[in-house]
file final_33.cif (mmCIF, N, CA and C atoms)
data_input
loop_
_atom_site.label_atom_id
_atom_site.label_comp_id
_atom_site.auth_asym_id
_atom_site.auth_seq_id
_atom_site.Cartn_x
_atom_site.Cartn_y
_atom_site.Cartn_z
N MET A 61 -22.82 -17.72 87.28
CA MET A 61 -23.17 -19.11 87.22
C MET A 61 -24.54 -19.31 87.86
N PRO A 62 -25.47 -20.02 87.17
CA PRO A 62 -26.81 -20.20 87.72
C PRO A 62 -26.77 -21.10 88.96
N ALA A 63 -27.66 -20.80 89.89
CA ALA A 63 -27.74 -21.61 91.11
C ALA A 63 -28.30 -22.99 90.78
N GLU A 64 -27.76 -23.99 91.44
CA GLU A 64 -28.25 -25.34 91.23
C GLU A 64 -29.51 -25.55 92.05
N ASN A 65 -30.39 -26.42 91.55
CA ASN A 65 -31.59 -26.74 92.30
C ASN A 65 -31.23 -27.63 93.48
N PRO A 66 -31.61 -27.22 94.69
CA PRO A 66 -31.30 -28.06 95.83
C PRO A 66 -32.16 -29.32 95.79
N ALA A 67 -31.70 -30.34 96.47
CA ALA A 67 -32.46 -31.58 96.54
C ALA A 67 -33.79 -31.29 97.23
N PRO A 68 -34.85 -31.97 96.79
CA PRO A 68 -36.15 -31.72 97.42
C PRO A 68 -36.13 -32.14 98.90
N THR A 69 -36.85 -31.39 99.69
CA THR A 69 -36.95 -31.69 101.11
C THR A 69 -37.85 -32.92 101.31
N MET A 70 -37.82 -33.45 102.52
CA MET A 70 -38.68 -34.59 102.82
C MET A 70 -40.15 -34.23 102.61
N ARG A 71 -40.52 -33.04 103.00
CA ARG A 71 -41.91 -32.59 102.82
C ARG A 71 -42.28 -32.55 101.34
N GLU A 72 -41.38 -32.01 100.53
CA GLU A 72 -41.65 -31.95 99.08
C GLU A 72 -41.76 -33.35 98.49
N ARG A 73 -40.90 -34.27 98.93
CA ARG A 73 -40.97 -35.65 98.44
C ARG A 73 -42.29 -36.30 98.84
N LYS A 74 -42.74 -36.05 100.05
CA LYS A 74 -44.02 -36.61 100.52
C LYS A 74 -45.18 -36.02 99.72
N GLN A 75 -45.11 -34.74 99.45
CA GLN A 75 -46.18 -34.10 98.67
C GLN A 75 -46.24 -34.67 97.26
N ARG A 76 -45.08 -34.87 96.65
CA ARG A 76 -45.05 -35.46 95.31
C ARG A 76 -45.60 -36.88 95.34
N ALA A 77 -45.22 -37.65 96.35
CA ALA A 77 -45.69 -39.02 96.46
C ALA A 77 -47.20 -39.07 96.65
N THR A 78 -47.73 -38.16 97.47
CA THR A 78 -49.19 -38.11 97.69
C THR A 78 -49.90 -37.74 96.40
N ARG A 79 -49.37 -36.76 95.68
CA ARG A 79 -49.97 -36.35 94.41
C ARG A 79 -49.97 -37.51 93.42
N GLU A 80 -48.87 -38.23 93.35
CA GLU A 80 -48.78 -39.38 92.43
C GLU A 80 -49.76 -40.48 92.83
N ARG A 81 -49.91 -40.73 94.14
CA ARG A 81 -50.87 -41.75 94.58
C ARG A 81 -52.28 -41.35 94.19
N LEU A 82 -52.60 -40.07 94.34
CA LEU A 82 -53.93 -39.60 93.94
C LEU A 82 -54.15 -39.75 92.44
N LEU A 83 -53.15 -39.39 91.66
CA LEU A 83 -53.28 -39.51 90.20
C LEU A 83 -53.41 -40.97 89.77
N THR A 84 -52.63 -41.85 90.37
CA THR A 84 -52.70 -43.26 90.02
C THR A 84 -54.05 -43.84 90.42
N ALA A 85 -54.53 -43.49 91.60
CA ALA A 85 -55.84 -43.96 92.04
C ALA A 85 -56.93 -43.46 91.09
N ALA A 86 -56.86 -42.19 90.74
CA ALA A 86 -57.86 -41.63 89.82
C ALA A 86 -57.81 -42.33 88.47
N GLN A 87 -56.63 -42.53 87.95
CA GLN A 87 -56.49 -43.19 86.65
C GLN A 87 -57.11 -44.58 86.67
N ASN A 88 -56.82 -45.35 87.71
CA ASN A 88 -57.34 -46.71 87.80
C ASN A 88 -58.85 -46.73 87.99
N LEU A 89 -59.36 -45.90 88.90
CA LEU A 89 -60.80 -45.89 89.16
C LEU A 89 -61.59 -45.35 87.97
N LEU A 90 -61.08 -44.31 87.34
CA LEU A 90 -61.78 -43.77 86.17
C LEU A 90 -61.82 -44.79 85.04
N ALA A 91 -60.75 -45.54 84.88
CA ALA A 91 -60.73 -46.57 83.84
C ALA A 91 -61.72 -47.69 84.16
N ASP A 92 -61.82 -48.05 85.43
CA ASP A 92 -62.72 -49.13 85.84
C ASP A 92 -64.19 -48.72 85.86
N ARG A 93 -64.46 -47.57 86.44
CA ARG A 93 -65.85 -47.17 86.71
C ARG A 93 -66.40 -46.09 85.79
N GLY A 94 -65.51 -45.32 85.20
CA GLY A 94 -65.96 -44.17 84.42
C GLY A 94 -65.99 -42.92 85.28
N TYR A 95 -66.08 -41.80 84.62
CA TYR A 95 -66.00 -40.50 85.29
C TYR A 95 -67.16 -40.28 86.26
N ASP A 96 -68.38 -40.51 85.78
CA ASP A 96 -69.56 -40.21 86.59
C ASP A 96 -69.70 -41.12 87.81
N ARG A 97 -69.19 -42.31 87.76
CA ARG A 97 -69.34 -43.26 88.86
C ARG A 97 -68.13 -43.28 89.80
N THR A 98 -67.20 -42.39 89.59
CA THR A 98 -66.02 -42.27 90.47
C THR A 98 -66.13 -40.97 91.24
N THR A 99 -66.02 -41.06 92.56
CA THR A 99 -66.09 -39.86 93.39
C THR A 99 -64.71 -39.51 93.94
N MET A 100 -64.58 -38.30 94.40
CA MET A 100 -63.33 -37.89 95.04
C MET A 100 -63.10 -38.71 96.31
N ASP A 101 -64.18 -39.09 97.00
CA ASP A 101 -64.04 -39.95 98.18
C ASP A 101 -63.43 -41.30 97.79
N ASP A 102 -63.88 -41.86 96.66
CA ASP A 102 -63.32 -43.13 96.18
C ASP A 102 -61.83 -42.99 95.88
N ILE A 103 -61.48 -41.91 95.22
CA ILE A 103 -60.08 -41.67 94.85
C ILE A 103 -59.22 -41.49 96.10
N ALA A 104 -59.72 -40.71 97.07
CA ALA A 104 -58.98 -40.50 98.31
C ALA A 104 -58.77 -41.83 99.04
N ALA A 105 -59.81 -42.63 99.14
CA ALA A 105 -59.69 -43.92 99.84
C ALA A 105 -58.69 -44.82 99.13
N ASP A 106 -58.74 -44.88 97.81
CA ASP A 106 -57.83 -45.73 97.06
C ASP A 106 -56.38 -45.26 97.19
N ALA A 107 -56.19 -43.95 97.33
CA ALA A 107 -54.84 -43.38 97.49
C ALA A 107 -54.40 -43.39 98.95
N ASP A 108 -55.28 -43.83 99.85
CA ASP A 108 -54.99 -43.90 101.28
C ASP A 108 -54.68 -42.53 101.87
N VAL A 109 -55.52 -41.56 101.51
CA VAL A 109 -55.43 -40.22 102.08
C VAL A 109 -56.84 -39.79 102.49
N SER A 110 -56.92 -38.76 103.28
CA SER A 110 -58.23 -38.25 103.70
C SER A 110 -58.89 -37.51 102.54
N ARG A 111 -60.19 -37.36 102.67
CA ARG A 111 -60.96 -36.60 101.67
C ARG A 111 -60.41 -35.17 101.59
N ALA A 112 -60.13 -34.57 102.75
CA ALA A 112 -59.62 -33.20 102.78
C ALA A 112 -58.27 -33.09 102.06
N THR A 113 -57.42 -34.09 102.25
CA THR A 113 -56.12 -34.08 101.57
C THR A 113 -56.31 -34.15 100.06
N ALA A 114 -57.21 -35.02 99.61
CA ALA A 114 -57.47 -35.13 98.17
C ALA A 114 -57.93 -33.79 97.60
N PHE A 115 -58.82 -33.11 98.31
CA PHE A 115 -59.32 -31.82 97.83
C PHE A 115 -58.27 -30.72 97.95
N ASN A 116 -57.31 -30.85 98.86
CA ASN A 116 -56.21 -29.88 98.92
C ASN A 116 -55.35 -29.96 97.67
N TYR A 117 -55.14 -31.16 97.16
CA TYR A 117 -54.31 -31.34 95.96
C TYR A 117 -55.10 -31.06 94.69
N PHE A 118 -56.35 -31.49 94.66
CA PHE A 118 -57.20 -31.34 93.47
C PHE A 118 -58.58 -30.89 93.93
N PRO A 119 -58.84 -29.58 93.94
CA PRO A 119 -60.12 -29.07 94.45
C PRO A 119 -61.35 -29.56 93.68
N ARG A 120 -61.16 -30.00 92.45
CA ARG A 120 -62.27 -30.52 91.65
C ARG A 120 -61.79 -31.76 90.91
N LYS A 121 -62.71 -32.66 90.65
CA LYS A 121 -62.37 -33.89 89.92
C LYS A 121 -61.84 -33.57 88.53
N GLU A 122 -62.32 -32.50 87.93
CA GLU A 122 -61.85 -32.11 86.60
C GLU A 122 -60.35 -31.81 86.61
N GLU A 123 -59.85 -31.31 87.72
CA GLU A 123 -58.42 -31.01 87.81
C GLU A 123 -57.57 -32.28 87.80
N LEU A 124 -58.12 -33.36 88.31
CA LEU A 124 -57.45 -34.66 88.19
C LEU A 124 -57.34 -35.06 86.73
N LEU A 125 -58.42 -34.87 85.98
CA LEU A 125 -58.39 -35.20 84.55
C LEU A 125 -57.34 -34.38 83.81
N LEU A 126 -57.27 -33.10 84.14
CA LEU A 126 -56.28 -32.24 83.49
C LEU A 126 -54.86 -32.69 83.83
N ALA A 127 -54.63 -33.07 85.08
CA ALA A 127 -53.31 -33.54 85.48
C ALA A 127 -52.96 -34.86 84.79
N LEU A 128 -53.95 -35.74 84.65
CA LEU A 128 -53.71 -37.00 83.94
C LEU A 128 -53.42 -36.75 82.46
N ALA A 129 -54.14 -35.80 81.87
CA ALA A 129 -53.89 -35.45 80.47
C ALA A 129 -52.49 -34.87 80.30
N GLU A 130 -52.06 -34.05 81.25
CA GLU A 130 -50.72 -33.47 81.19
C GLU A 130 -49.66 -34.55 81.32
N ARG A 131 -49.91 -35.51 82.17
CA ARG A 131 -48.97 -36.63 82.34
C ARG A 131 -48.82 -37.38 81.02
N ARG A 132 -49.92 -37.62 80.33
CA ARG A 132 -49.87 -38.31 79.04
C ARG A 132 -49.19 -37.46 77.98
N ARG A 133 -49.48 -36.16 78.00
CA ARG A 133 -48.86 -35.25 77.03
C ARG A 133 -47.34 -35.27 77.18
N ALA A 134 -46.87 -35.28 78.41
CA ALA A 134 -45.43 -35.30 78.67
C ALA A 134 -44.79 -36.57 78.11
N VAL A 135 -45.49 -37.69 78.23
CA VAL A 135 -44.98 -38.96 77.68
C VAL A 135 -44.88 -38.86 76.16
N ILE A 136 -45.90 -38.30 75.54
CA ILE A 136 -45.92 -38.17 74.08
C ILE A 136 -44.79 -37.26 73.62
N VAL A 137 -44.59 -36.13 74.29
CA VAL A 137 -43.52 -35.20 73.92
C VAL A 137 -42.16 -35.89 74.03
N GLU A 138 -41.96 -36.64 75.11
CA GLU A 138 -40.69 -37.34 75.28
C GLU A 138 -40.47 -38.37 74.18
N LEU A 139 -41.51 -39.12 73.84
CA LEU A 139 -41.38 -40.13 72.79
C LEU A 139 -41.09 -39.49 71.43
N LEU A 140 -41.78 -38.40 71.13
CA LEU A 140 -41.53 -37.71 69.86
C LEU A 140 -40.10 -37.17 69.80
N ALA A 141 -39.62 -36.61 70.90
CA ALA A 141 -38.26 -36.07 70.93
C ALA A 141 -37.24 -37.18 70.73
N ARG A 142 -37.50 -38.33 71.31
CA ARG A 142 -36.57 -39.45 71.18
C ARG A 142 -36.55 -39.99 69.75
N GLU A 143 -37.66 -39.98 69.08
CA GLU A 143 -37.77 -40.53 67.72
C GLU A 143 -37.28 -39.56 66.66
N GLN A 144 -37.33 -38.29 66.91
CA GLN A 144 -37.02 -37.29 65.89
C GLN A 144 -35.67 -37.50 65.22
N PRO A 145 -34.59 -37.66 65.95
CA PRO A 145 -33.31 -37.79 65.24
C PRO A 145 -33.13 -39.15 64.57
N GLU A 146 -33.92 -40.15 64.95
CA GLU A 146 -33.72 -41.49 64.42
C GLU A 146 -34.46 -41.77 63.12
N ALA A 147 -35.59 -41.16 62.92
CA ALA A 147 -36.42 -41.52 61.77
C ALA A 147 -36.64 -40.32 60.85
N ALA A 148 -36.27 -40.47 59.61
CA ALA A 148 -36.48 -39.40 58.63
C ALA A 148 -37.89 -39.48 58.05
N ASP A 149 -38.40 -40.69 57.89
CA ASP A 149 -39.72 -40.91 57.31
C ASP A 149 -40.79 -40.65 58.38
N VAL A 150 -41.72 -39.73 58.12
CA VAL A 150 -42.73 -39.35 59.09
C VAL A 150 -43.61 -40.54 59.47
N ALA A 151 -44.04 -41.32 58.50
CA ALA A 151 -44.90 -42.47 58.79
C ALA A 151 -44.20 -43.46 59.71
N ASP A 152 -42.92 -43.71 59.46
CA ASP A 152 -42.16 -44.63 60.30
C ASP A 152 -42.00 -44.06 61.71
N ARG A 153 -41.72 -42.80 61.77
CA ARG A 153 -41.55 -42.14 63.07
C ARG A 153 -42.84 -42.21 63.88
N LEU A 154 -43.97 -41.90 63.26
CA LEU A 154 -45.25 -41.95 63.97
C LEU A 154 -45.60 -43.37 64.41
N HIS A 155 -45.33 -44.33 63.54
CA HIS A 155 -45.59 -45.73 63.91
C HIS A 155 -44.81 -46.11 65.15
N ARG A 156 -43.54 -45.76 65.20
CA ARG A 156 -42.71 -46.10 66.36
C ARG A 156 -43.16 -45.33 67.60
N VAL A 157 -43.54 -44.07 67.43
CA VAL A 157 -44.02 -43.29 68.57
C VAL A 157 -45.27 -43.93 69.16
N PHE A 158 -46.23 -44.27 68.30
CA PHE A 158 -47.47 -44.85 68.81
C PHE A 158 -47.26 -46.23 69.41
N THR A 159 -46.36 -47.00 68.87
CA THR A 159 -46.04 -48.30 69.47
C THR A 159 -45.44 -48.11 70.85
N ASN A 160 -44.47 -47.19 70.96
CA ASN A 160 -43.87 -46.90 72.26
C ASN A 160 -44.87 -46.29 73.22
N LEU A 161 -45.77 -45.47 72.72
CA LEU A 161 -46.80 -44.85 73.54
C LEU A 161 -47.72 -45.91 74.14
N CYS A 162 -48.12 -46.85 73.33
CA CYS A 162 -48.96 -47.94 73.84
C CYS A 162 -48.23 -48.72 74.92
N ASP A 163 -46.97 -49.01 74.69
CA ASP A 163 -46.18 -49.72 75.69
C ASP A 163 -46.10 -48.92 76.98
N ALA A 164 -45.86 -47.62 76.87
CA ALA A 164 -45.73 -46.77 78.06
C ALA A 164 -47.04 -46.73 78.84
N PHE A 165 -48.16 -46.60 78.15
CA PHE A 165 -49.44 -46.54 78.84
C PHE A 165 -49.82 -47.88 79.42
N ASP A 166 -49.46 -48.97 78.74
CA ASP A 166 -49.73 -50.30 79.29
C ASP A 166 -48.97 -50.51 80.59
N GLN A 167 -47.75 -49.99 80.67
CA GLN A 167 -46.93 -50.15 81.87
C GLN A 167 -47.31 -49.16 82.96
N GLY A 168 -47.68 -47.96 82.57
CA GLY A 168 -47.92 -46.90 83.54
C GLY A 168 -49.33 -46.86 84.09
N GLY A 169 -50.21 -47.62 83.59
CA GLY A 169 -51.59 -47.62 84.05
C GLY A 169 -52.46 -48.28 83.02
N ARG A 170 -53.57 -48.74 83.49
CA ARG A 170 -54.47 -49.42 82.57
C ARG A 170 -55.09 -48.43 81.61
N ILE A 171 -55.15 -48.81 80.37
CA ILE A 171 -55.76 -47.95 79.36
C ILE A 171 -56.70 -48.81 78.54
N ARG A 172 -57.83 -48.28 78.28
CA ARG A 172 -58.84 -49.03 77.52
C ARG A 172 -58.50 -48.98 76.04
N GLY A 173 -58.87 -49.99 75.33
CA GLY A 173 -58.64 -50.02 73.89
C GLY A 173 -57.41 -50.84 73.55
N ARG A 174 -57.21 -51.03 72.26
CA ARG A 174 -56.09 -51.83 71.81
C ARG A 174 -55.05 -50.96 71.16
N CYS A 175 -53.82 -51.39 71.32
CA CYS A 175 -52.69 -50.72 70.66
C CYS A 175 -52.27 -51.58 69.49
N MET A 176 -52.00 -50.95 68.39
CA MET A 176 -51.58 -51.71 67.20
C MET A 176 -50.09 -51.94 67.27
N ARG A 177 -49.67 -53.10 66.91
CA ARG A 177 -48.25 -53.45 66.90
C ARG A 177 -47.79 -53.61 65.47
#

call {"tool": "encode", "arguments": {"input": "final_33.cif", "output": "structure tokens"}}
result
Amino acid sequence: MPAENPAPTMRERKQRATRERLLTAAQNLLADRGYDRTTMDDIAADADVSRATAFNYFPRKEELLLALAERRRAVIVELLAREQPEAADVADRLHRVFTNLCDAFDQGGRIRGRCMR
């Protein structure tokens, strides 16, 4: 019988929370200011962590972008998996996925551009 995953420790929960704060701060600042006008110092301050802590989690600003892209990819994969058994027509399935995707991004962070309904 496979071993069950133990509950995360307090330290692990704090690390996850810090990482999420950094990602959320980066997402918001990058959307507001753009990549070139957002610094790691800005992101650290917005996430309420030290500059050193921010660099411990993400040694380069590009790594924040990759983590944000992975977060979005995971949302898309989940939405596609949820729609697959429900819709036989590909066009209908894609329409519902993109509608749900827009809703998810609107709720999870500011995103530039318009979503079609």

call {"tool": "closest_residue", "arguments": {"input": "final_33.cif", "among": "A:Glu80, A:Lys121, A:Ala141, A:Leu154", "to": "Met100 in chain A", "atoms": "only N, CA and C atoms"}}
result
A:Lys121

call {"tool": "residues_around", "arguments": {"input": "final_33.cif", "residues": "Ala105 in chain A", "least_positions_apart": "6", "cutoff": "8 Å", "atoms": "all atoms listed in the file", "output": "PyMOL selection string"}}
result
chain A and resi 85+99+111+114

call {"tool": "atom_distance", "arguments": {"input": "final_33.cif", "atom1": "CA of Arg73 in chain A", "atom2": "CA of Ser110 in chain A"}}
result
18.2 Å

call {"tool": "residues_around", "arguments": {"input": "final_33.cif", "residues": "Asp108 in chain A", "least_positions_apart": "3", "cutoff": "9 Å", "atoms": "only C-alpha atoms", "output": "list in words"}}
result
Thr78, Arg81, Leu82, Ile103, Ala104 and Ala105 of chain A

call {"tool": "write_last_selection", "arguments": {"input": "final_33.cif", "atoms": "N, CA and C atoms", "output": "PDB file, keeping the file's coordinate frame"}}
result
ATOM      1  N   THR A  78     -47.730 -38.160  97.470  1.00  0.00           N
ATOM      2  CA  THR A  78     -49.190 -38.110  97.690  1.00  0.00           C
ATOM      3  C   THR A  78     -49.900 -37.740  96.400  1.00  0.00           C
ATOM      4  N   ARG A  81     -49.910 -40.730  94.140  1.00  0.00           N
ATOM      5  CA  ARG A  81     -50.870 -41.750  94.580  1.00  0.00           C
ATOM      6  C   ARG A  81     -52.280 -41.350  94.190  1.00  0.00           C
ATOM      7  N   LEU A  82     -52.600 -40.070  94.340  1.00  0.00           N
ATOM      8  CA  LEU A  82     -53.930 -39.600  93.940  1.00  0.00           C
ATOM      9  C   LEU A  82     -54.150 -39.750  92.440  1.00  0.00           C
ATOM     10  N   ILE A 103     -61.480 -41.910  95.220  1.00  0.00           N
ATOM     11  CA  ILE A 103     -60.080 -41.670  94.850  1.00  0.00           C
ATOM     12  C   ILE A 103     -59.220 -41.490  96.100  1.00  0.00           C
ATOM     13  N   ALA A 104     -59.720 -40.710  97.070  1.00  0.00           N
ATOM     14  CA  ALA A 104     -58.980 -40.500  98.310  1.00  0.00           C
ATOM     15  C   ALA A 104     -58.770 -41.830  99.040  1.00  0.00           C
ATOM     16  N   ALA A 105     -59.810 -42.630  99.140  1.00  0.00           N
ATOM     17  CA  ALA A 105     -59.690 -43.920  99.840  1.00  0.00           C
ATOM     18  C   ALA A 105     -58.690 -44.820  99.130  1.00  0.00           C
TER      19      ALA A 105
END

call {"tool": "select_by_dssp", "arguments": {"input": "final_33.cif", "residues": "range 65-169 of chain A", "states": "alpha helix (DSSP H)", "output": "MDAnalysis selection string"}}
result
chainID A and resid 70:93 100:107 111:117 121:143 150:168

call {"tool": "closest_residue", "arguments": {"input": "final_33.cif", "among": "A:Glu123, A:Leu161, A:Glu64, A:Ala151", "to": "Leu139 in chain A", "atoms": "only N, CA and C atoms"}}
result
A:Leu161

call {"tool": "atom_distance", "arguments": {"input": "final_33.cif", "atom1": "atom C of Tyr95 in chain A", "atom2": "atom N of Arg79 in chain A"}}
result
20.4 Å

call {"tool": "residues_around", "arguments": {"input": "final_33.cif", "residues": "Leu124 in chain A", "least_positions_apart": "6", "cutoff": "8 Å", "atoms": "only C-alpha atoms", "output": "compact mmCIF listing (two decimals) with N, CA and C atoms, in the frame of the given file"}}
result
# COMPACT_ATOMS: atom_id res chain seq x y z
N LEU A 83 -53.15 -39.39 91.66
CA LEU A 83 -53.28 -39.51 90.20
C LEU A 83 -53.41 -40.97 89.77
N ALA A 86 -56.86 -42.19 90.74
CA ALA A 86 -57.86 -41.63 89.82
C ALA A 86 -57.81 -42.33 88.47
N PHE A 118 -56.35 -31.49 94.66
CA PHE A 118 -57.20 -31.34 93.47
C PHE A 118 -58.58 -30.89 93.93

call {"tool": "atom_distance", "arguments": {"input": "final_33.cif", "atom1": "atom C of Arg120 in chain A", "atom2": "CA of Val135 in chain A"}}
result
22.6 Å

call {"tool": "closest_residue", "arguments": {"input": "final_33.cif", "among": "A:Ala67, A:Val157, A:Ala107, A:Ile136", "to": "Thr84 in chain A", "atoms": "only N, CA and C atoms"}}
result
A:Ala107

call {"tool": "closest_residue", "arguments": {"input": "final_33.cif", "among": "A:Gln87, A:Thr98, A:Thr69, A:Thr159", "to": "Ala127 in chain A", "atoms": "only C-alpha atoms"}}
result
A:Gln87

call {"tool": "decode", "arguments": {"input": "final_33.cif", "residues": "range 125-146 of chain A", "atoms": "N, CA and C atoms", "output": "mmCIF file, in the first residue's frame"}}
result
data_model
loop_
_atom_site.group_PDB
_atom_site.id
_atom_site.type_symbol
_atom_site.label_atom_id
_atom_site.label_comp_id
_atom_site.auth_asym_id
_atom_site.auth_seq_id
_atom_site.Cartn_x
_atom_site.Cartn_y
_atom_site.Cartn_z
ATOM 1 N N LEU A 125 7.942 35.044 -14.191
ATOM 2 C CA LEU A 125 7.108 34.913 -15.393
ATOM 3 C C LEU A 125 6.815 33.455 -15.710
ATOM 4 N N LEU A 126 7.830 32.616 -15.583
ATOM 5 C CA LEU A 126 7.632 31.188 -15.854
ATOM 6 C C LEU A 126 6.649 30.584 -14.859
ATOM 7 N N ALA A 127 6.750 30.963 -13.596
ATOM 8 C CA ALA A 127 5.827 30.448 -12.588
ATOM 9 C C ALA A 127 4.406 30.937 -12.841
ATOM 10 N N LEU A 128 4.265 32.189 -13.268
ATOM 11 C CA LEU A 128 2.935 32.713 -13.595
ATOM 12 C C LEU A 128 2.355 31.996 -14.814
ATOM 13 N N ALA A 129 3.207 31.719 -15.799
ATOM 14 C CA ALA A 129 2.748 30.991 -16.983
ATOM 15 C C ALA A 129 2.315 29.573 -16.606
ATOM 16 N N GLU A 130 3.048 28.943 -15.700
ATOM 17 C CA GLU A 130 2.688 27.596 -15.254
ATOM 18 C C GLU A 130 1.363 27.613 -14.502
ATOM 19 N N ARG A 131 1.154 28.636 -13.712
ATOM 20 C CA ARG A 131 -0.108 28.772 -12.983
ATOM 21 C C ARG A 131 -1.271 28.870 -13.971
ATOM 22 N N ARG A 132 -1.104 29.641 -15.030
ATOM 23 C CA ARG A 132 -2.153 29.776 -16.038
ATOM 24 C C ARG A 132 -2.348 28.481 -16.814
ATOM 25 N N ARG A 133 -1.239 27.801 -17.121
ATOM 26 C CA ARG A 133 -1.327 26.532 -17.846
ATOM 27 C C ARG A 133 -2.127 25.516 -17.035
ATOM 28 N N ALA A 134 -1.906 25.480 -15.741
ATOM 29 C CA ALA A 134 -2.627 24.545 -14.879
ATOM 30 C C ALA A 134 -4.128 24.827 -14.895
ATOM 31 N N VAL A 135 -4.495 26.102 -14.920
ATOM 32 C CA VAL A 135 -5.916 26.470 -14.990
ATOM 33 C C VAL A 135 -6.512 25.987 -16.308
ATOM 34 N N ILE A 136 -5.791 26.181 -17.395
ATOM 35 C CA ILE A 136 -6.275 25.767 -18.714
ATOM 36 C C ILE A 136 -6.441 24.250 -18.763
ATOM 37 N N VAL A 137 -5.471 23.503 -18.256
ATOM 38 C CA VAL A 137 -5.545 22.040 -18.250
ATOM 39 C C VAL A 137 -6.761 21.581 -17.454
ATOM 40 N N GLU A 138 -6.983 22.195 -16.297
ATOM 41 C CA GLU A 138 -8.133 21.817 -15.474
ATOM 42 C C GLU A 138 -9.448 22.106 -16.199
ATOM 43 N N LEU A 139 -9.535 23.262 -16.839
ATOM 44 C CA LEU A 139 -10.758 23.609 -17.557
ATOM 45 C C LEU A 139 -11.008 22.661 -18.730
ATOM 46 N N LEU A 140 -9.960 22.335 -19.468
ATOM 47 C CA LEU A 140 -10.116 21.398 -20.583
ATOM 48 C C LEU A 140 -10.557 20.021 -20.090
ATOM 49 N N ALA A 141 -9.975 19.566 -18.997
ATOM 50 C CA ALA A 141 -10.341 18.258 -18.455
ATOM 51 C C ALA A 141 -11.794 18.241 -18.007
ATOM 52 N N ARG A 142 -12.245 19.330 -17.434
ATOM 53 C CA ARG A 142 -13.626 19.406 -16.974
ATOM 54 C C ARG A 142 -14.605 19.434 -18.142
ATOM 55 N N GLU A 143 -14.249 20.050 -19.229
ATOM 56 C CA GLU A 143 -15.135 20.177 -20.391
ATOM 57 C C GLU A 143 -15.140 18.934 -21.266
ATOM 58 N N GLN A 144 -14.086 18.170 -21.263
ATOM 59 C CA GLN A 144 -13.953 17.046 -22.178
ATOM 60 C C GLN A 144 -15.136 16.084 -22.144
ATOM 61 N N PRO A 145 -15.563 15.601 -21.003
ATOM 62 C CA PRO A 145 -16.664 14.634 -21.044
ATOM 63 C C PRO A 145 -18.020 15.272 -21.355
ATOM 64 N N GLU A 146 -18.133 16.586 -21.207
ATOM 65 C CA GLU A 146 -19.434 17.233 -21.381
ATOM 66 C C GLU A 146 -19.745 17.630 -22.823
#
